[in-house]
$ cat model-v8.txt   # compact mmCIF, C-alpha atoms
# COMPACT_ATOMS: atom_id res chain seq x y z
CA MET U 242 99.51 80.67 96.37
CA TYR U 243 99.92 81.64 92.71
CA LEU U 244 96.69 83.35 91.62
CA HIS U 245 97.32 84.29 87.99
CA GLY U 246 97.53 82.85 84.50
CA GLY U 247 100.67 82.00 82.56
CA ASP U 248 101.82 79.00 84.61
CA ILE U 249 103.37 77.25 81.63
CA TYR U 250 106.13 75.86 83.82
CA ARG U 251 103.92 73.33 85.59
CA ASN U 252 101.57 72.49 82.72
CA ASN U 253 102.20 70.85 79.36
CA VAL U 254 100.97 73.77 77.27
CA LYS U 255 101.01 74.32 73.52
CA TYR U 256 98.79 77.41 73.53
CA ASP U 257 98.56 79.79 76.48
CA PHE U 258 95.26 81.70 76.44
CA SER U 259 95.49 82.52 80.16
CA VAL U 260 97.64 85.67 79.84
CA ASN U 261 96.61 88.78 77.95
CA LEU U 262 99.61 89.63 75.80
CA ASN U 263 99.71 91.30 72.40
CA PRO U 264 99.24 88.60 69.71
CA MET U 265 101.76 90.44 67.51
CA GLY U 266 104.49 89.56 69.99
CA MET U 267 107.31 91.79 71.14
CA PRO U 268 108.40 94.24 68.41
CA LYS U 269 111.72 93.33 66.79
CA SER U 270 113.14 96.71 67.78
CA CYS U 271 112.47 95.84 71.44
CA ILE U 272 114.05 92.40 71.09
CA ASP U 273 117.13 93.93 69.47
CA ALA U 274 117.35 96.65 72.14
CA GLY U 275 116.93 94.10 74.92
CA CYS U 276 119.72 91.96 73.46
CA ARG U 277 122.00 94.99 73.31
CA GLY U 278 121.05 95.63 76.92
CA VAL U 279 122.19 92.14 77.90
CA SER U 280 125.62 92.86 76.41
CA LEU U 281 125.82 96.02 78.54
CA SER U 282 124.67 94.34 81.75
CA GLY U 283 128.12 94.16 83.25
CA ALA U 284 127.27 97.62 84.58
CA TYR U 285 124.52 98.62 86.99
CA PRO U 286 121.35 99.93 85.35
CA ASP U 287 120.47 103.62 85.62
CA HIS U 288 118.69 103.77 88.98
CA ASP U 289 116.54 106.70 87.75
CA CYS U 290 115.69 105.26 84.29
CA GLU U 291 116.43 108.72 82.89
CA LYS U 292 116.30 107.90 79.15
CA LEU U 293 113.13 105.85 79.53
CA LYS U 294 111.41 108.57 81.56
CA TYR U 295 112.36 111.11 78.90
CA GLU U 296 110.72 108.94 76.21
CA ILE U 297 107.58 108.53 78.34
CA GLU U 298 107.45 112.31 78.84
CA LYS U 299 107.84 112.89 75.10
CA ASN U 300 105.32 110.18 74.18
CA LYS U 301 102.64 110.78 76.81
CA GLY U 302 103.08 114.43 77.79
CA ILE U 303 103.87 113.59 81.41
CA LYS U 304 106.52 115.43 83.39
CA SER U 305 109.39 113.02 83.93
CA GLU U 306 109.60 114.12 87.58
CA ASP U 307 106.08 112.70 88.12
CA ILE U 308 107.03 109.23 86.83
CA ILE U 309 108.13 106.24 88.88
CA VAL U 310 109.42 103.31 86.80
CA GLY U 311 108.97 99.81 88.14
CA ASN U 312 109.72 96.16 87.58
CA GLY U 313 106.26 95.66 86.10
CA ALA U 314 102.98 97.09 87.38
CA ALA U 315 102.87 94.63 90.27
CA GLU U 316 105.97 96.08 91.94
CA LEU U 317 104.44 99.55 91.69
CA ILE U 318 101.15 98.44 93.25
CA TYR U 319 103.03 97.10 96.28
CA ALA U 320 105.28 100.18 96.46
CA ILE U 321 102.22 102.44 96.39
CA CYS U 322 100.71 100.59 99.35
CA TYR U 323 103.96 100.60 101.32
CA GLY U 324 104.46 104.28 100.51
CA ILE U 325 100.93 105.54 101.21
CA LYS U 326 100.21 103.04 104.02
CA PRO U 327 96.44 102.83 103.51
CA LYS U 328 94.61 101.52 106.56
CA LYS U 329 91.41 101.12 104.56
CA ALA U 330 91.13 100.46 100.83
CA LEU U 331 88.09 100.25 98.57
CA ILE U 332 88.16 97.97 95.53
CA ALA U 333 85.42 97.19 93.00
CA MET U 334 85.47 93.42 92.51
CA PRO U 335 86.22 91.33 90.57
CA ALA U 336 89.54 93.00 89.75
CA PHE U 337 93.26 92.26 89.61
CA GLN U 338 94.06 90.40 92.81
CA GLU U 339 97.35 92.11 93.59
CA TYR U 340 95.51 95.24 94.78
CA GLU U 341 94.05 93.48 97.79
CA ARG U 342 97.23 91.44 98.37
CA ALA U 343 99.35 94.61 98.34
CA VAL U 344 97.06 96.32 100.85
CA ALA U 345 97.14 93.27 103.11
CA ALA U 346 100.92 92.87 102.73
CA TRP U 347 101.63 96.09 104.55
CA GLY U 348 98.79 95.62 107.09
CA GLY U 349 95.76 97.45 105.69
CA SER U 350 92.23 96.14 105.24
CA VAL U 351 90.02 96.03 102.14
CA ARG U 352 86.37 96.92 101.74
CA TYR U 353 84.88 95.31 98.64
CA PHE U 354 82.31 96.82 96.30
CA ASP U 355 80.71 93.87 94.54
CA LEU U 356 80.02 94.49 90.86
CA LYS U 357 76.66 92.93 89.99
CA GLU U 358 76.45 89.99 87.60
CA GLU U 359 72.97 91.13 86.52
CA ASN U 360 74.56 94.45 85.50
CA ASN U 361 77.27 92.60 83.55
CA PHE U 362 79.78 93.60 86.25
CA GLN U 363 79.72 97.22 85.11
CA LEU U 364 80.80 99.88 87.60
CA ASP U 365 78.08 102.45 88.39
CA GLU U 366 77.64 105.62 90.45
CA ASP U 367 76.70 103.66 93.59
CA PHE U 368 80.44 103.20 93.99
CA ILE U 369 80.92 106.91 94.72
CA ASN U 370 78.86 106.66 97.92
CA LYS U 371 81.24 103.99 99.26
CA ILE U 372 84.15 106.45 99.26
CA THR U 373 84.16 107.91 102.76
CA ASP U 374 86.45 110.06 104.89
CA ASP U 375 88.16 106.96 106.29
CA THR U 376 88.90 105.52 102.83
CA ASP U 377 92.65 105.91 102.29
CA ILE U 378 92.91 104.50 98.77
CA VAL U 379 90.64 103.36 95.94
CA PHE U 380 91.85 100.92 93.28
CA LEU U 381 90.16 100.91 89.88
CA CYS U 382 91.17 98.81 86.86
CA ASN U 383 90.19 100.40 83.53
CA PRO U 384 89.46 98.46 81.42
CA ASN U 385 88.71 96.02 84.18
CA ASN U 386 90.53 92.73 84.51
CA PRO U 387 89.00 90.14 84.13
CA THR U 388 85.71 91.48 82.73
CA GLY U 389 87.06 93.85 80.08
CA ASN U 390 84.53 96.56 80.97
CA LEU U 391 85.47 100.19 80.48
CA THR U 392 84.47 102.83 83.00
CA GLU U 393 83.57 106.04 81.17
CA ARG U 394 85.63 109.13 81.88
CA ASN U 395 82.70 111.12 83.31
CA LEU U 396 82.26 108.50 86.06
CA ILE U 397 86.01 108.35 86.70
CA GLU U 398 86.06 112.14 87.09
CA LYS U 399 83.19 111.99 89.59
CA ILE U 400 85.07 109.33 91.55
CA ALA U 401 88.26 111.45 91.41
CA LEU U 402 86.40 114.51 92.69
CA LYS U 403 84.95 112.52 95.59
CA CYS U 404 88.45 111.23 96.38
CA GLU U 405 89.77 114.80 96.48
CA MET U 406 86.96 115.76 98.85
CA THR U 407 87.76 112.89 101.21
CA GLY U 408 91.56 113.03 100.88
CA THR U 409 91.56 109.57 99.31
CA TYR U 410 94.17 108.37 96.85
CA LEU U 411 92.72 107.02 93.61
CA CYS U 412 94.93 104.46 91.87
CA ILE U 413 93.78 103.78 88.31
CA ASP U 414 95.34 100.77 86.60
CA GLU U 415 95.36 101.49 82.85
CA CYS U 416 97.63 98.61 81.84
CA PHE U 417 95.17 97.38 79.20
CA MET U 418 94.08 100.84 78.00
CA PRO U 419 96.39 100.88 74.92
CA PHE U 420 94.38 97.99 73.43
CA CYS U 421 91.22 100.13 73.44
CA GLU U 422 90.18 102.09 70.38
CA ARG U 423 88.72 104.77 72.67
CA GLU U 424 91.91 105.24 74.68
CA ASP U 425 92.14 109.00 74.04
CA GLU U 426 88.50 109.42 75.07
CA ILE U 427 88.67 107.31 78.25
CA SER U 428 92.22 107.49 79.65
CA MET U 429 92.88 109.87 82.51
CA ILE U 430 96.54 110.45 81.62
CA LYS U 431 95.89 113.88 80.11
CA GLU U 432 93.90 114.83 83.21
CA TYR U 433 96.36 113.56 85.82
CA GLY U 434 97.50 117.00 86.97
CA LYS U 435 93.93 118.06 87.82
CA PHE U 436 93.61 115.54 90.62
CA PRO U 437 96.57 115.54 93.06
CA HIS U 438 95.40 112.32 94.75
CA MET U 439 95.16 110.39 91.47
CA ILE U 440 97.83 107.83 90.56
CA ILE U 441 97.86 106.14 87.14
CA ILE U 442 99.65 102.87 86.42
CA ARG U 443 100.75 101.78 82.96
CA ALA U 444 102.78 98.75 81.83
CA PHE U 445 104.74 97.64 78.80
CA THR U 446 104.02 94.03 79.77
CA LYS U 447 100.75 93.54 77.91
CA ILE U 448 100.75 95.93 74.97
CA TYR U 449 104.37 95.20 73.96
CA ALA U 450 104.29 91.51 75.00
CA MET U 451 107.32 91.81 77.27
CA ALA U 452 105.98 90.04 80.36
CA GLY U 453 109.33 88.39 81.04
CA LEU U 454 111.27 91.66 80.94
CA ARG U 455 109.00 93.31 83.56
CA LEU U 456 108.45 97.01 82.94
CA GLY U 457 105.81 99.52 84.05
CA TYR U 458 105.45 103.03 85.38
CA ALA U 459 103.28 105.03 87.75
CA ILE U 460 102.27 108.67 87.31
CA VAL U 461 102.18 110.32 90.73
CA PRO U 462 101.54 114.10 90.70
CA ASP U 463 101.60 114.51 94.51
CA ARG U 464 105.24 115.15 95.51
CA LYS U 465 104.95 113.85 99.08
CA ALA U 466 103.30 110.61 97.94
CA ARG U 467 105.77 110.23 95.08
CA GLU U 468 108.79 110.57 97.36
CA SER U 469 107.33 108.13 99.87
CA ILE U 470 106.57 105.55 97.16
CA ARG U 471 110.04 105.93 95.62
CA SER U 472 111.62 105.36 99.01
CA LYS U 473 110.01 101.90 99.18
CA ILE U 474 111.49 100.70 95.87
CA GLN U 475 114.91 99.05 95.92
CA PRO U 476 117.69 100.65 93.83
CA TRP U 477 118.40 99.30 90.33
CA ASN U 478 114.93 97.72 90.19
CA VAL U 479 114.68 97.95 86.38
CA SER U 480 117.28 96.07 84.35
CA ILE U 481 119.24 97.55 81.45
CA PRO U 482 117.53 95.24 78.90
CA ALA U 483 114.09 96.28 80.17
CA GLN U 484 114.95 99.99 80.07
CA MET U 485 116.35 99.77 76.55
CA ALA U 486 113.44 97.68 75.29
CA GLY U 487 111.04 100.25 76.76
CA VAL U 488 112.76 103.12 74.94
CA ALA U 489 112.54 101.16 71.69
CA ALA U 490 108.85 100.38 72.29
CA LEU U 491 107.95 104.04 72.69
CA ASN U 492 109.59 104.78 69.32
CA GLU U 493 107.59 102.10 67.49
CA LYS U 494 105.46 103.49 64.66
CA GLY U 495 102.10 101.93 63.81
CA TYR U 496 102.47 98.97 66.18
CA ILE U 497 99.58 99.87 68.48
CA GLU U 498 97.29 100.80 65.59
CA LYS U 499 97.99 97.45 63.89
CA THR U 500 97.46 95.68 67.21
CA ARG U 501 94.00 97.21 67.59
CA GLU U 502 93.04 96.10 64.09
CA ILE U 503 94.05 92.51 64.80
CA ILE U 504 92.35 92.47 68.22
CA LYS U 505 89.10 93.80 66.76
CA GLU U 506 89.03 91.26 63.94
CA GLU U 507 90.05 88.27 66.03
CA LYS U 508 87.79 89.17 68.95
CA GLU U 509 84.83 89.27 66.56
CA TYR U 510 85.81 85.82 65.30
CA LEU U 511 86.12 84.34 68.79
CA ILE U 512 82.88 85.86 70.07
CA SER U 513 81.03 84.66 66.97
CA GLU U 514 82.27 81.10 67.47
CA LEU U 515 81.77 81.10 71.24
CA SER U 516 78.18 82.21 70.64
CA LYS U 517 77.46 79.00 68.72
CA GLY U 518 76.67 76.97 71.82
CA LEU U 519 80.16 76.88 73.32
CA ALA U 520 79.86 79.53 76.05
CA GLU U 521 76.87 79.93 78.34
CA LYS U 522 77.25 83.73 78.39
CA ILE U 523 79.79 86.12 76.86
CA TYR U 524 80.45 89.52 78.40
CA ALA U 525 81.29 92.50 76.20
CA SER U 526 84.99 93.34 76.48
CA GLU U 527 86.82 96.38 75.18
CA ALA U 528 90.23 94.90 75.96
CA ASN U 529 92.31 92.14 74.36
CA TYR U 530 90.56 89.34 76.24
CA ILE U 531 87.10 87.79 76.52
CA PHE U 532 85.29 87.03 79.77
CA PHE U 533 82.65 84.31 79.62
CA LYS U 534 80.65 81.78 81.56
CA GLY U 535 80.82 78.06 80.83
CA ARG U 536 80.94 74.56 82.25
CA GLU U 537 82.94 74.37 85.47
CA ASP U 538 85.56 71.84 84.31
CA LEU U 539 86.72 73.81 81.27
CA LYS U 540 90.21 74.60 82.56
CA GLU U 541 90.98 70.94 83.22
CA ARG U 542 89.52 69.83 79.91
CA PHE U 543 91.53 72.42 77.98
CA ILE U 544 94.75 71.42 79.78
CA GLU U 545 94.19 67.88 78.50
CA LYS U 546 94.38 69.40 75.02
CA GLY U 547 97.50 71.43 75.75
CA ILE U 548 95.66 74.75 76.15
CA LEU U 549 95.77 76.97 79.23
CA ILE U 550 92.84 79.29 80.02
CA ARG U 551 92.23 81.51 83.03
CA ASP U 552 89.82 80.04 85.58
CA CYS U 553 88.44 83.16 87.29
CA SER U 554 86.79 81.43 90.23
CA ASN U 555 89.55 82.66 92.60
CA PHE U 556 88.64 86.31 91.97
CA GLU U 557 86.68 87.95 94.78
CA ASN U 558 82.95 88.11 93.82
CA LEU U 559 83.20 85.33 91.20
CA LYS U 560 82.39 81.64 91.44
CA LYS U 561 83.11 78.49 89.47
CA GLY U 562 82.24 78.68 85.82
CA PHE U 563 83.75 82.09 84.97
CA PHE U 564 86.69 82.14 82.57
CA ARG U 565 88.90 84.57 80.67
CA ILE U 566 90.77 83.97 77.43
CA CYS U 567 93.11 86.29 75.59
CA VAL U 568 92.75 87.15 71.92
CA LYS U 569 95.65 85.57 70.02
CA ASN U 570 96.56 85.30 66.34
CA HIS U 571 94.08 83.69 63.99
CA ASN U 572 95.70 80.24 63.74
CA GLU U 573 95.84 79.93 67.52
CA ASN U 574 92.26 81.15 67.86
CA VAL U 575 91.11 78.55 65.32
CA GLU U 576 92.87 75.82 67.32
CA PHE U 577 91.20 77.06 70.50
CA ILE U 578 87.71 76.93 68.97
CA LYS U 579 88.42 73.49 67.49
CA ALA U 580 89.41 72.20 70.95
CA PHE U 581 86.35 73.83 72.53
CA ARG U 582 84.05 72.07 70.05
CA GLU U 583 85.67 68.74 70.88
CA ILE U 584 85.21 69.36 74.61
CA CYS U 585 81.53 70.15 74.10
CA LYS U 586 80.74 67.06 72.02
$ encode --input "model-v8.txt" --output "structure tokens"
Amino acid sequence: MYLHGGDIYRNNVKYDFSVNLNPMGMPKSCIDAGCRGVSLSGAYPDHDCEKLKYEIEKNKGIKSEDIIVGNGAAELIYAICYGIKPKKALIAMPAFQEYERAVAAWGGSVRYFDLKEENNFQLDEDFINKITDDTDIVFLCNPNNPTGNLTERNLIEKIALKCEMTGTYLCIDECFMPFCEREDEISMIKEYGKFPHMIIIRAFTKIYAMAGLRLGYAIVPDRKARESIRSKIQPWNVSIPAQMAGVAALNEKGYIEKTREIIKEEKEYLISELSKGLAEKIYASEANYIFFKGREDLKERFIEKGILIRDCSNFENLKKGFFRICVKNHNENVEFIKAFREICK
């Protein structure tokens, strides 16, 4: 069963608010690089993504030897589970559904930590007590998908320390972190070497709007785990166009800063309009999407108007009436609010 947004192939959609891509679209330099990559695709891609890993090292200060490049973050999540072979995983829910599916795919089981609606689904220190000696891996999404909540670095560090004590791998999904103005303050990338059991996942998919090219990477400081994870990934898993587009993305100047400006302005607009009787409750989000509560038939009503939104009722620990929309450019956001008003008449 397909559990995500973006199913434009089976719906008559004019505006897709169900996937959280950068409203600026893919940078022209990435499009041009990807097109050049197509012309070179008579050859096999570099199986080690050497140039791309060099650019990540230069851009993020990560040793290239600690990087595993993947066909999007999803491939890496599955490779991590097949490489580490966790018998028991702990996941704070709701969160990206591929964590639990990846654990189950190789044969492990999941213990859920239910984030409380009355606490606005914010992770708290009670989570630390759930990490025990028989916990093989913990998955955390920061900022969380679908809620948009950030977990502060001091709590992440406490969780990481507990994981080191129990020999538990901590996989932090930071795919939406580049949209956050407090990225430098919150991200664990600069701290990755301090915690051998910590794995960080990043993706080009969202921030550079290249969902169709599929590109992400994992930072794995533990050599044994890294080698095991790499052994579970097929050769030539990242295409030449994706590798070249990724190199171009990392050399973009001002793109992320401009993105954050647009997201901030347009998110304020959407929240202001949603607050005028359209949404039952809006949850604070520090990412490029908005999580809210509304009437249960919203997805179907929006599809009638050619708009796709993310019904979040199939997330663990959520029920009917929870939705997520991405922040798009102003004209699209205006059309969304106009359609919402018509639905609520």
$ residues_around --input "model-v8.txt" --residues "segment 264-267 of chain U" --least-positions-apart "5" --cutoff "9 Å" --atoms "only C-alpha atoms" --output "ChimeraX atom specification"
/U:272,448-451,490,496,499-500,503-504,567-570
$ write_last_selection --input "model-v8.txt" --atoms "C-alpha atoms" --output "short mmCIF file (atom, residue, chain, number, x, y, z; two decimals), in the frame of the given file"
data_model
loop_
_atom_site.label_atom_id
_atom_site.label_comp_id
_atom_site.auth_asym_id
_atom_site.auth_seq_id
_atom_site.Cartn_x
_atom_site.Cartn_y
_atom_site.Cartn_z
CA ILE U 272 114.05 92.40 71.09
CA ILE U 448 100.75 95.93 74.97
CA TYR U 449 104.37 95.20 73.96
CA ALA U 450 104.29 91.51 75.00
CA MET U 451 107.32 91.81 77.27
CA ALA U 490 108.85 100.38 72.29
CA TYR U 496 102.47 98.97 66.18
CA LYS U 499 97.99 97.45 63.89
CA THR U 500 97.46 95.68 67.21
CA ILE U 503 94.05 92.51 64.80
CA ILE U 504 92.35 92.47 68.22
CA CYS U 567 93.11 86.29 75.59
CA VAL U 568 92.75 87.15 71.92
CA LYS U 569 95.65 85.57 70.02
CA ASN U 570 96.56 85.30 66.34
#
$ residues_around --input "model-v8.txt" --residues "Ala486 of chain U" --least-positions-apart "6" --cutoff "7 Å" --atoms "all atoms listed in the file" --output "list in words"
Cys271, Ile272, Ala274 and Gly275 of chain U
$ write_last_selection --input "model-v8.txt" --atoms "C-alpha atoms" --output "compact mmCIF listing (two decimals), keeping the file's coordinate frame"
# COMPACT_ATOMS: atom_id res chain seq x y z
CA CYS U 271 112.47 95.84 71.44
CA ILE U 272 114.05 92.40 71.09
CA ALA U 274 117.35 96.65 72.14
CA GLY U 275 116.93 94.10 74.92
$ closest_atom_pairs --input "model-v8.txt" --of "segment 462-514 of chain U" --to "segment 318-340 of chain U" --cutoff "10 Å" --atoms "only C-alpha atoms" --output "tab-separated table"
residue	atom	partner	partner_atom	distance
U:Lys465	CA	U:Ile325	CA	9.5
U:Ala466	CA	U:Ile325	CA	6.5
U:Arg467	CA	U:Gly324	CA	8.2
U:Glu468	CA	U:Gly324	CA	8.3
U:Ser469	CA	U:Gly324	CA	4.8
U:Ile470	CA	U:Gly324	CA	4.2
U:Arg471	CA	U:Ala320	CA	7.5
U:Ser472	CA	U:Gly324	CA	7.4
U:Lys473	CA	U:Ala320	CA	5.7
U:Ile474	CA	U:Ala320	CA	6.3
U:Gln475	CA	U:Ala320	CA	9.7
$ residues_around --input "model-v8.txt" --residues "segment 518-521 of chain U" --least-positions-apart "2" --cutoff "6 Å" --atoms "all atoms listed in the file" --output "VMD selection string"
chain U and resid 515 to 516 534 to 535
$ residues_near_point --input "model-v8.txt" --point "(93.8, 113.0, 96.8)" --cutoff "10 Å" --atoms "only C-alpha atoms" --output "PyMOL selection string"
chain U and resi 377-378+401-412+436-440+462-463+466
$ residues_around --input "model-v8.txt" --residues "Asn261 of chain U" --least-positions-apart "6" --cutoff "10 Å" --atoms "all atoms listed in the file" --output "PyMOL selection string"
chain U and resi 246-247+386-387+417+446-448+450+452+528-531+551+565-569
$ closest_residue --input "model-v8.txt" --among "U:Glu527, U:Leu281, U:Gln484, U:Glu583" --to "Thr392 of chain U" --atoms "all atoms listed in the file"
U:Glu527
$ decode --input "model-v8.txt" --residues "segment 261-301 of chain U" --atoms "C-alpha atoms" --output "PDB file, in the first residue's frame"
ATOM      1  CA  ASN U 261       7.081  19.031   1.066  1.00  0.00           C
ATOM      2  CA  LEU U 262       9.347  20.321  -1.679  1.00  0.00           C
ATOM      3  CA  ASN U 263      11.092  23.677  -1.936  1.00  0.00           C
ATOM      4  CA  PRO U 264       8.661  26.195  -3.518  1.00  0.00           C
ATOM      5  CA  MET U 265      11.592  27.742  -5.412  1.00  0.00           C
ATOM      6  CA  GLY U 266      11.898  24.549  -7.441  1.00  0.00           C
ATOM      7  CA  MET U 267      15.084  22.828  -8.497  1.00  0.00           C
ATOM      8  CA  PRO U 268      17.933  25.320  -9.049  1.00  0.00           C
ATOM      9  CA  LYS U 269      18.746  25.896 -12.726  1.00  0.00           C
ATOM     10  CA  SER U 270      22.333  24.791 -12.112  1.00  0.00           C
ATOM     11  CA  CYS U 271      21.014  21.407 -10.934  1.00  0.00           C
ATOM     12  CA  ILE U 272      18.704  21.066 -13.936  1.00  0.00           C
ATOM     13  CA  ASP U 273      21.573  21.880 -16.291  1.00  0.00           C
ATOM     14  CA  ALA U 274      23.912  19.457 -14.501  1.00  0.00           C
ATOM     15  CA  GLY U 275      21.273  16.719 -14.540  1.00  0.00           C
ATOM     16  CA  CYS U 276      20.742  17.205 -18.277  1.00  0.00           C
ATOM     17  CA  ARG U 277      24.486  16.934 -18.862  1.00  0.00           C
ATOM     18  CA  GLY U 278      24.383  13.782 -16.780  1.00  0.00           C
ATOM     19  CA  VAL U 279      21.742  12.281 -19.056  1.00  0.00           C
ATOM     20  CA  SER U 280      24.045  12.823 -22.044  1.00  0.00           C
ATOM     21  CA  LEU U 281      26.800  10.943 -20.186  1.00  0.00           C
ATOM     22  CA  SER U 282      24.576   8.063 -19.095  1.00  0.00           C
ATOM     23  CA  GLY U 283      25.894   5.664 -21.680  1.00  0.00           C
ATOM     24  CA  ALA U 284      28.483   4.863 -19.015  1.00  0.00           C
ATOM     25  CA  TYR U 285      27.960   3.383 -15.571  1.00  0.00           C
ATOM     26  CA  PRO U 286      27.783   5.918 -12.735  1.00  0.00           C
ATOM     27  CA  ASP U 287      30.636   6.160 -10.242  1.00  0.00           C
ATOM     28  CA  HIS U 288      29.734   3.439  -7.741  1.00  0.00           C
ATOM     29  CA  ASP U 289      31.440   5.412  -4.925  1.00  0.00           C
ATOM     30  CA  CYS U 290      30.001   8.866  -5.818  1.00  0.00           C
ATOM     31  CA  GLU U 291      33.496  10.253  -5.248  1.00  0.00           C
ATOM     32  CA  LYS U 292      32.949  13.812  -6.544  1.00  0.00           C
ATOM     33  CA  LEU U 293      29.669  14.179  -4.693  1.00  0.00           C
ATOM     34  CA  LYS U 294      31.159  12.894  -1.434  1.00  0.00           C
ATOM     35  CA  TYR U 295      34.024  15.365  -1.819  1.00  0.00           C
ATOM     36  CA  GLU U 296      31.528  18.239  -2.160  1.00  0.00           C
ATOM     37  CA  ILE U 297      29.583  17.030   0.898  1.00  0.00           C
ATOM     38  CA  GLU U 298      32.851  16.856   2.864  1.00  0.00           C
ATOM     39  CA  LYS U 299      33.784  20.375   1.770  1.00  0.00           C
ATOM     40  CA  ASN U 300      30.293  21.758   2.409  1.00  0.00           C
ATOM     41  CA  LYS U 301      29.432  20.013   5.679  1.00  0.00           C
TER      42      LYS U 301
END
